[in-house]
>>> print(open('data-v7.cif').read())   # mmCIF, N, CA and C atoms and all ligand atoms
data_data
#
loop_
_atom_site.label_atom_id
_atom_site.label_comp_id
_atom_site.auth_asym_id
_atom_site.auth_seq_id
_atom_site.Cartn_x
_atom_site.Cartn_y
_atom_site.Cartn_z
N MET M 88 -15.74 -31.35 8.55
CA MET M 88 -15.29 -30.82 9.85
C MET M 88 -14.76 -29.40 9.66
N ASP M 89 -15.24 -28.48 10.51
CA ASP M 89 -14.72 -27.12 10.35
C ASP M 89 -13.47 -26.92 11.23
N VAL M 90 -12.86 -25.76 11.06
CA VAL M 90 -11.59 -25.47 11.74
C VAL M 90 -11.71 -25.62 13.25
N ARG M 91 -12.85 -25.19 13.78
CA ARG M 91 -13.01 -25.23 15.23
C ARG M 91 -13.08 -26.66 15.76
N GLU M 92 -13.69 -27.54 14.99
CA GLU M 92 -13.73 -28.95 15.39
C GLU M 92 -12.32 -29.55 15.40
N VAL M 93 -11.54 -29.20 14.36
CA VAL M 93 -10.16 -29.69 14.28
C VAL M 93 -9.36 -29.18 15.47
N LEU M 94 -9.49 -27.88 15.78
CA LEU M 94 -8.76 -27.30 16.90
C LEU M 94 -9.15 -27.98 18.21
N SER M 95 -10.43 -28.28 18.34
CA SER M 95 -10.91 -28.95 19.54
C SER M 95 -10.25 -30.31 19.69
N LYS M 96 -10.17 -31.05 18.60
CA LYS M 96 -9.56 -32.38 18.63
C LYS M 96 -8.08 -32.34 18.95
N VAL M 97 -7.34 -31.46 18.26
CA VAL M 97 -5.89 -31.46 18.45
C VAL M 97 -5.47 -30.83 19.78
N SER M 98 -6.28 -29.92 20.30
CA SER M 98 -5.89 -29.23 21.53
C SER M 98 -6.41 -29.93 22.79
N GLY M 99 -7.43 -30.75 22.62
CA GLY M 99 -8.03 -31.39 23.80
C GLY M 99 -8.98 -30.47 24.54
N LEU M 100 -9.17 -29.25 24.04
CA LEU M 100 -10.13 -28.33 24.64
C LEU M 100 -11.52 -28.67 24.13
N ASP M 101 -12.54 -28.42 24.95
CA ASP M 101 -13.87 -28.69 24.42
C ASP M 101 -14.29 -27.56 23.48
N LYS M 102 -15.39 -27.78 22.77
CA LYS M 102 -15.78 -26.84 21.72
C LYS M 102 -16.09 -25.45 22.27
N LYS M 103 -16.64 -25.42 23.48
CA LYS M 103 -16.97 -24.13 24.09
C LYS M 103 -15.69 -23.31 24.30
N GLU M 104 -14.64 -23.97 24.82
CA GLU M 104 -13.37 -23.29 25.05
C GLU M 104 -12.76 -22.81 23.74
N VAL M 105 -12.81 -23.68 22.73
CA VAL M 105 -12.27 -23.31 21.42
C VAL M 105 -13.04 -22.10 20.87
N ASN M 106 -14.36 -22.12 21.02
CA ASN M 106 -15.17 -21.00 20.54
C ASN M 106 -14.82 -19.70 21.24
N GLU M 107 -14.57 -19.78 22.55
CA GLU M 107 -14.20 -18.57 23.30
C GLU M 107 -12.88 -17.99 22.79
N ILE M 108 -11.91 -18.89 22.58
CA ILE M 108 -10.61 -18.44 22.07
C ILE M 108 -10.78 -17.85 20.68
N TRP M 109 -11.56 -18.55 19.86
CA TRP M 109 -11.83 -18.10 18.49
C TRP M 109 -12.42 -16.69 18.48
N GLU M 110 -13.40 -16.46 19.35
CA GLU M 110 -14.05 -15.14 19.43
C GLU M 110 -13.05 -14.07 19.85
N LYS M 111 -12.18 -14.40 20.82
CA LYS M 111 -11.17 -13.44 21.28
C LYS M 111 -10.22 -13.08 20.16
N VAL M 112 -9.81 -14.09 19.39
CA VAL M 112 -8.90 -13.84 18.27
C VAL M 112 -9.56 -12.92 17.25
N LYS M 113 -10.85 -13.18 16.97
CA LYS M 113 -11.56 -12.35 15.98
C LYS M 113 -11.68 -10.90 16.45
N VAL M 114 -12.03 -10.72 17.73
CA VAL M 114 -12.16 -9.36 18.29
C VAL M 114 -10.81 -8.65 18.22
N ASN M 115 -9.75 -9.37 18.59
CA ASN M 115 -8.41 -8.78 18.58
C ASN M 115 -7.99 -8.36 17.17
N GLN M 116 -8.26 -9.22 16.20
CA GLN M 116 -7.89 -8.89 14.81
C GLN M 116 -8.67 -7.68 14.31
N LYS M 117 -9.95 -7.59 14.70
CA LYS M 117 -10.78 -6.47 14.28
C LYS M 117 -10.23 -5.17 14.88
N ARG M 118 -9.87 -5.21 16.15
CA ARG M 118 -9.30 -4.02 16.81
C ARG M 118 -8.05 -3.55 16.08
N LEU M 119 -7.15 -4.50 15.82
CA LEU M 119 -5.88 -4.16 15.19
C LEU M 119 -6.11 -3.59 13.79
N ARG M 120 -7.05 -4.20 13.06
CA ARG M 120 -7.32 -3.79 11.68
C ARG M 120 -7.93 -2.39 11.63
N GLU M 121 -8.78 -2.08 12.62
CA GLU M 121 -9.51 -0.82 12.58
C GLU M 121 -8.80 0.31 13.33
N CYS M 122 -7.64 0.03 13.87
CA CYS M 122 -6.87 1.06 14.58
C CYS M 122 -6.48 2.16 13.60
N GLU M 123 -6.57 3.44 14.08
CA GLU M 123 -6.19 4.56 13.20
C GLU M 123 -4.70 4.49 12.86
N GLY M 124 -3.91 3.83 13.73
CA GLY M 124 -2.49 3.59 13.50
C GLY M 124 -1.65 4.86 13.51
N PRO M 125 -0.34 4.80 13.57
CA PRO M 125 0.36 3.55 13.89
C PRO M 125 0.05 3.10 15.32
N HIS M 126 0.10 1.81 15.55
CA HIS M 126 -0.16 1.31 16.89
C HIS M 126 0.86 1.90 17.87
N ASN M 127 0.42 2.02 19.10
CA ASN M 127 1.30 2.53 20.16
C ASN M 127 1.38 1.45 21.24
N PHE M 128 2.31 0.52 21.05
CA PHE M 128 2.34 -0.67 21.89
C PHE M 128 3.06 -0.47 23.21
N GLU M 129 2.48 -1.07 24.24
CA GLU M 129 3.14 -1.16 25.53
C GLU M 129 3.41 -2.62 25.83
N GLN M 130 4.62 -2.92 26.28
CA GLN M 130 5.00 -4.31 26.56
C GLN M 130 4.43 -4.77 27.89
N LYS M 131 3.85 -5.97 27.88
CA LYS M 131 3.40 -6.61 29.12
C LYS M 131 4.14 -7.92 29.25
N GLY M 132 4.85 -8.09 30.34
CA GLY M 132 5.61 -9.33 30.55
C GLY M 132 6.98 -9.25 29.88
N GLU M 133 7.73 -10.34 30.02
CA GLU M 133 9.12 -10.35 29.56
C GLU M 133 9.40 -11.49 28.58
N GLY M 134 10.43 -11.31 27.76
CA GLY M 134 10.94 -12.38 26.91
C GLY M 134 9.93 -12.85 25.87
N LEU M 135 10.03 -14.13 25.55
CA LEU M 135 9.19 -14.70 24.48
C LEU M 135 7.71 -14.73 24.86
N ARG M 136 7.41 -14.69 26.14
CA ARG M 136 6.02 -14.72 26.57
C ARG M 136 5.41 -13.33 26.64
N ALA M 137 6.20 -12.31 26.35
CA ALA M 137 5.70 -10.94 26.41
C ALA M 137 4.59 -10.73 25.38
N THR M 138 3.64 -9.87 25.73
CA THR M 138 2.66 -9.43 24.76
C THR M 138 2.74 -7.92 24.68
N PHE M 139 2.21 -7.37 23.60
CA PHE M 139 2.25 -5.93 23.36
C PHE M 139 0.84 -5.45 23.10
N VAL M 140 0.39 -4.49 23.94
CA VAL M 140 -0.98 -4.00 23.84
C VAL M 140 -0.96 -2.56 23.35
N CYS M 141 -1.76 -2.28 22.33
CA CYS M 141 -1.81 -0.94 21.73
C CYS M 141 -2.69 -0.03 22.59
N HIS M 142 -2.17 1.17 22.90
CA HIS M 142 -2.94 2.14 23.69
C HIS M 142 -4.12 2.71 22.90
N LYS M 143 -4.02 2.70 21.59
CA LYS M 143 -5.09 3.30 20.77
C LYS M 143 -6.25 2.35 20.57
N CYS M 144 -5.97 1.08 20.24
CA CYS M 144 -7.05 0.15 19.87
C CYS M 144 -7.23 -1.00 20.85
N GLN M 145 -6.34 -1.13 21.82
CA GLN M 145 -6.34 -2.24 22.79
C GLN M 145 -6.06 -3.59 22.13
N GLY M 146 -5.66 -3.58 20.87
CA GLY M 146 -5.28 -4.82 20.19
C GLY M 146 -3.98 -5.35 20.78
N GLU M 147 -3.80 -6.65 20.65
CA GLU M 147 -2.67 -7.30 21.31
C GLU M 147 -1.85 -8.11 20.31
N LEU M 148 -0.53 -8.00 20.42
CA LEU M 148 0.37 -8.82 19.59
C LEU M 148 1.25 -9.68 20.47
N LYS M 149 1.65 -10.83 19.92
CA LYS M 149 2.67 -11.64 20.57
C LYS M 149 4.03 -11.04 20.23
N SER M 150 5.03 -11.49 21.01
CA SER M 150 6.36 -10.93 20.90
C SER M 150 6.90 -10.92 19.47
N HIS M 151 6.83 -12.07 18.78
CA HIS M 151 7.41 -12.16 17.44
C HIS M 151 6.62 -11.31 16.43
N GLU M 152 5.31 -11.16 16.66
CA GLU M 152 4.51 -10.31 15.75
C GLU M 152 4.91 -8.85 15.92
N HIS M 153 5.18 -8.47 17.16
CA HIS M 153 5.59 -7.09 17.44
C HIS M 153 6.93 -6.76 16.77
N ILE M 154 7.86 -7.73 16.82
CA ILE M 154 9.17 -7.52 16.17
C ILE M 154 8.97 -7.18 14.70
N TRP M 155 8.11 -7.94 14.01
CA TRP M 155 7.91 -7.71 12.58
C TRP M 155 7.17 -6.40 12.33
N TYR M 156 6.26 -6.04 13.20
CA TYR M 156 5.55 -4.77 13.04
C TYR M 156 6.53 -3.60 13.12
N MET M 157 7.40 -3.63 14.15
CA MET M 157 8.35 -2.54 14.34
C MET M 157 9.35 -2.48 13.18
N ARG M 158 9.76 -3.65 12.70
CA ARG M 158 10.68 -3.69 11.55
C ARG M 158 10.00 -3.11 10.31
N GLY M 159 8.72 -3.41 10.16
CA GLY M 159 7.97 -2.86 9.03
C GLY M 159 7.89 -1.34 9.08
N LEU M 160 7.68 -0.80 10.28
CA LEU M 160 7.65 0.66 10.44
C LEU M 160 8.99 1.26 10.04
N GLU M 161 10.08 0.64 10.52
CA GLU M 161 11.41 1.14 10.20
C GLU M 161 11.66 1.15 8.70
N HIS M 162 11.33 0.05 8.05
CA HIS M 162 11.56 -0.05 6.61
C HIS M 162 10.66 0.90 5.84
N GLY M 163 9.48 1.16 6.39
CA GLY M 163 8.56 2.08 5.73
C GLY M 163 9.08 3.51 5.68
N LYS M 164 9.99 3.84 6.60
CA LYS M 164 10.54 5.20 6.66
C LYS M 164 11.59 5.44 5.59
N LYS M 165 12.12 4.35 5.00
CA LYS M 165 13.22 4.48 4.04
C LYS M 165 12.73 4.98 2.68
ZN ZN H 201 -3.60 0.03 17.57
#
>>> encode(input="data-v7.cif", output="structure tokens", more="lines below")
Ligand SMILES: [Zn+2]
Amino acid sequence: MDVREVLSKVSGLDKKEVNEIWEKVKVNQKRLRECEGPHNFEQKGEGLRATFVCHKCQGELKSHEHIWYMRGLEHGKK
């Protein structure tokens, strides 16, 4: 059983839906990886459900991922 089959079983989503999500995740990771950087994030939404979209690459991070990215930038300056 591959990862997508497992995700389909545990999430209750059918395979087509899992594949669509999988493709979106892959596209997003590729955008973030290939960004000239540093990312220039704009916040969309509030609180824990907020997402952060980069103006340069259109890549998207969840709230907790953005916190670690910004902390990494700060520490990188030291
Ligand atoms: Zn970016």
>>> select_by_dssp(input="data-v7.cif", residues="segment 124-153 of chain M", states="strand (DSSP E or B)", output="list in words")
Phe128, Glu129, Gln130, Lys131, Thr138, Phe139, Val140, Cys141, Glu147, Leu148 and Lys149 of chain M
>>> write_last_selection(input="data-v7.cif", atoms="N, CA and C atoms", output="PDB file, keeping the file's coordinate frame")
ATOM      1  N   PHE M 128       2.310   0.520  21.050  1.00  0.00           N
ATOM      2  CA  PHE M 128       2.340  -0.670  21.890  1.00  0.00           C
ATOM      3  C   PHE M 128       3.060  -0.470  23.210  1.00  0.00           C
ATOM      4  N   GLU M 129       2.480  -1.070  24.240  1.00  0.00           N
ATOM      5  CA  GLU M 129       3.140  -1.160  25.530  1.00  0.00           C
ATOM      6  C   GLU M 129       3.410  -2.620  25.830  1.00  0.00           C
ATOM      7  N   GLN M 130       4.620  -2.920  26.280  1.00  0.00           N
ATOM      8  CA  GLN M 130       5.000  -4.310  26.560  1.00  0.00           C
ATOM      9  C   GLN M 130       4.430  -4.770  27.890  1.00  0.00           C
ATOM     10  N   LYS M 131       3.850  -5.970  27.880  1.00  0.00           N
ATOM     11  CA  LYS M 131       3.400  -6.610  29.120  1.00  0.00           C
ATOM     12  C   LYS M 131       4.140  -7.920  29.250  1.00  0.00           C
ATOM     13  N   THR M 138       3.640  -9.870  25.730  1.00  0.00           N
ATOM     14  CA  THR M 138       2.660  -9.430  24.760  1.00  0.00           C
ATOM     15  C   THR M 138       2.740  -7.920  24.680  1.00  0.00           C
ATOM     16  N   PHE M 139       2.210  -7.370  23.600  1.00  0.00           N
ATOM     17  CA  PHE M 139       2.250  -5.930  23.360  1.00  0.00           C
ATOM     18  C   PHE M 139       0.840  -5.450  23.100  1.00  0.00           C
ATOM     19  N   VAL M 140       0.390  -4.490  23.940  1.00  0.00           N
ATOM     20  CA  VAL M 140      -0.980  -4.000  23.840  1.00  0.00           C
ATOM     21  C   VAL M 140      -0.960  -2.560  23.350  1.00  0.00           C
ATOM     22  N   CYS M 141      -1.760  -2.280  22.330  1.00  0.00           N
ATOM     23  CA  CYS M 141      -1.810  -0.940  21.730  1.00  0.00           C
ATOM     24  C   CYS M 141      -2.690  -0.030  22.590  1.00  0.00           C
ATOM     25  N   GLU M 147      -3.800  -6.650  20.650  1.00  0.00           N
ATOM     26  CA  GLU M 147      -2.670  -7.300  21.310  1.00  0.00           C
ATOM     27  C   GLU M 147      -1.850  -8.110  20.310  1.00  0.00           C
ATOM     28  N   LEU M 148      -0.530  -8.000  20.420  1.00  0.00           N
ATOM     29  CA  LEU M 148       0.370  -8.820  19.590  1.00  0.00           C
ATOM     30  C   LEU M 148       1.250  -9.680  20.470  1.00  0.00           C
ATOM     31  N   LYS M 149       1.650 -10.830  19.920  1.00  0.00           N
ATOM     32  CA  LYS M 149       2.670 -11.640  20.570  1.00  0.00           C
ATOM     33  C   LYS M 149       4.030 -11.040  20.230  1.00  0.00           C
TER      34      LYS M 149
END
>>> residues_around(input="data-v7.cif", residues="Phe128 of chain M", least_positions_apart="5", cutoff="5 Å", atoms="all atoms listed in the file", output="PyMOL selection string")
chain M and resi 140-142
>>> residues_around(input="data-v7.cif", residues="segment 103-118 of chain M", least_positions_apart="3", cutoff="10 Å", atoms="only C-alpha atoms", output="JSON, numbers by chain")
{"M": [90, 91, 92, 93, 94, 95, 96, 98, 99, 100, 121, 122, 123, 141, 143, 144, 145, 146, 147, 148]}
>>> atom_distance(input="data-v7.cif", atom1="atom CA of Arg120 of chain M", atom2="atom CA of Ser150 of chain M")
18.0 Å
>>> atom_distance(input="data-v7.cif", atom1="atom C of Glu133 of chain M", atom2="atom N of His151 of chain M")
10.1 Å
>>> closest_residue(input="data-v7.cif", among="M:Lys164, M:Lys131, M:Arg136, M:His153", to="ligand ZN 201 (chain H)", atoms="only C-alpha atoms and all ligand atoms")
M:His153
